[in-house]
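Below is one structure, written out as structure tokens, with a few remarks after it.
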Amino acid sequence: MKRAVSLVVLTALLMCLGIGARCEKEPEVIVKPMMLLVGNIEVDLTFNINAGATIQGYQSWASGVISKIKNAPGCTRCQPMHNMLDSPKVKWISAWNSLKDWATFTESNEWQDMLSDLHSKYANDINIEIWKVDLQMKVMYEKQPEEIQKPDTL
């Protein structure tokens with residue numbers, strides 16, 4: 001069951017990448033699948049905490065899982081977050097060197113066990129999105145640090 005879910009998700013992803021995706025705003029533009037496979041990716045896992053789950057139990061379980069994810073080969077960052085508006089919504093953001101690294105991790109026992117526990121004990125409305133830097137954009141929107149200027153002393 002665990003492996004079947006992972007294989008279905010991976011197969012669907014690879015099918016999407018294999019056929020390309022059409023841009024809805026500009027139908028004549030086709031995104032080349034190989035653009036999506038180059039370089040780093042970000043995986044966003046979002047879910048709602050079950051009403052019956054205890055915060056202590058979830059936090060203890062989650063800290064162990066986050067540790068396994070961040071120590072997985074190819075993972076460069078893993079950051080858990082929760083909605084600030086007192087919602088049960090949780091988001092785990094992980095950055096990976098490549099889609100292959102992420103796919104390899106999803107085949108591991110750690111991932112399979114985590115998904116099983118997440119479904120059965122802690123969460124509902126689970127969603128996974130995989131993001132890639134837009135290679136068409138030439139500008140990075142980051143603020144440049146300003147130089148510190150010392151006041152004139154006379």
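Just so we're on the same page: first chain in the structure tokens is A, next is B, and so on; residues restart at 1 for each chain, and ligands are numbered from 1 in the order they show up.
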
Report task. Write out as a PyMOL selection string each polymer residue whose atoms come within 7 Å of Thr76 of chain A, counting only C-alpha atoms; drop sequence neighbours fewer than 5 positions from it. Result -> chain A and resi 70+95-97

Report task. Could you give me, as a list in words, the residues within 7 Å of segment 52-67 of chain A, counting only C-alpha atoms and dropping anything in the same chain fewer than 3 positions from it? Result ->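 Using only C-alpha atoms, the neighbours found are Ile49, Lys70, Asn71, Cys78, Met114, Lys121 and Tyr122 of chain A.
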
Could you pull out the strand (DSSP E) residues of segment 67-145 of chain A, going by DSSP on the backbone, and write them as a short mmCIF file (atom, residue, chain, number, x, y, z; two decimals) with N, CA and C atoms, in the first residue's frame?
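Result file out.cif:
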```
data_model
loop_
_atom_site.label_atom_id
_atom_site.label_comp_id
_atom_site.auth_asym_id
_atom_site.auth_seq_id
_atom_site.Cartn_x
_atom_site.Cartn_y
_atom_site.Cartn_z
N CYS A 75 19.03 16.37 0.25
CA CYS A 75 18.19 17.40 0.89
C CYS A 75 19.11 18.50 1.43
N THR A 76 18.82 19.73 1.05
CA THR A 76 19.65 20.84 1.51
C THR A 76 18.98 21.66 2.61
N ARG A 77 17.66 21.49 2.77
CA ARG A 77 16.95 22.27 3.78
C ARG A 77 15.60 21.63 4.04
N CYS A 78 15.15 21.67 5.28
CA CYS A 78 13.81 21.22 5.62
C CYS A 78 13.30 22.13 6.72
N GLN A 79 12.17 22.77 6.47
CA GLN A 79 11.67 23.76 7.40
C GLN A 79 10.17 23.55 7.64
N PRO A 80 9.79 23.21 8.87
CA PRO A 80 8.36 23.08 9.18
C PRO A 80 7.77 24.45 9.54
N MET A 81 6.53 24.67 9.15
CA MET A 81 5.84 25.94 9.44
C MET A 81 4.39 25.62 9.79
N HIS A 82 3.74 26.54 10.48
CA HIS A 82 2.30 26.41 10.69
C HIS A 82 1.63 27.76 10.46
N LYS A 89 -3.51 24.26 9.82
CA LYS A 89 -2.72 24.08 8.59
C LYS A 89 -1.23 24.08 8.88
N VAL A 90 -0.52 23.08 8.34
CA VAL A 90 0.92 22.92 8.51
C VAL A 90 1.55 22.82 7.13
N LYS A 91 2.79 23.33 7.02
CA LYS A 91 3.52 23.26 5.76
C LYS A 91 4.96 22.89 6.06
N TRP A 92 5.46 21.87 5.38
CA TRP A 92 6.86 21.51 5.47
C TRP A 92 7.49 21.81 4.13
N ILE A 93 8.52 22.63 4.14
CA ILE A 93 9.22 22.99 2.91
C ILE A 93 10.58 22.30 2.95
N SER A 94 10.87 21.56 1.89
CA SER A 94 12.19 20.95 1.80
C SER A 94 12.81 21.29 0.45
N ALA A 95 14.11 21.52 0.44
CA ALA A 95 14.84 21.83 -0.79
C ALA A 95 15.75 20.65 -1.10
N TRP A 96 15.80 20.30 -2.38
CA TRP A 96 16.55 19.13 -2.83
C TRP A 96 17.45 19.51 -3.99
N ALA A 123 -2.86 13.68 10.34
CA ALA A 123 -3.23 14.70 9.35
C ALA A 123 -4.32 14.26 8.39
N ASN A 124 -4.92 15.27 7.78
CA ASN A 124 -5.83 15.07 6.66
C ASN A 124 -5.58 16.18 5.65
N ASP A 125 -6.20 16.12 4.51
CA ASP A 125 -6.00 17.10 3.42
C ASP A 125 -4.52 17.26 3.08
N ILE A 126 -3.85 16.13 2.88
CA ILE A 126 -2.41 16.15 2.58
C ILE A 126 -2.21 16.48 1.10
N ASN A 127 -1.28 17.40 0.85
CA ASN A 127 -0.99 17.83 -0.51
C ASN A 127 0.52 17.99 -0.68
N ILE A 128 1.04 17.54 -1.82
CA ILE A 128 2.46 17.70 -2.11
C ILE A 128 2.59 18.45 -3.42
N GLU A 129 3.40 19.51 -3.41
CA GLU A 129 3.70 20.27 -4.62
C GLU A 129 5.20 20.33 -4.78
N ILE A 130 5.66 20.22 -6.03
CA ILE A 130 7.09 20.30 -6.32
C ILE A 130 7.30 21.55 -7.16
N TRP A 131 8.22 22.40 -6.70
CA TRP A 131 8.47 23.70 -7.33
C TRP A 131 9.89 23.76 -7.87
N LYS A 132 10.06 24.51 -8.90
CA LYS A 132 11.34 24.72 -9.55
C LYS A 132 11.52 26.21 -9.80
#
```

Query - Between atom CA of Ile41 of chain A and atom CA of Ala103 of chain A, distance in Å (one decimal) - result: 11.3 Å

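Among the candidates A:Lys100, A:Leu45, A:Asn50, A:Ala72, the residue lying nearest to Ser120 of chain A is A:Asn50 (atoms considered: only C-alpha atoms).
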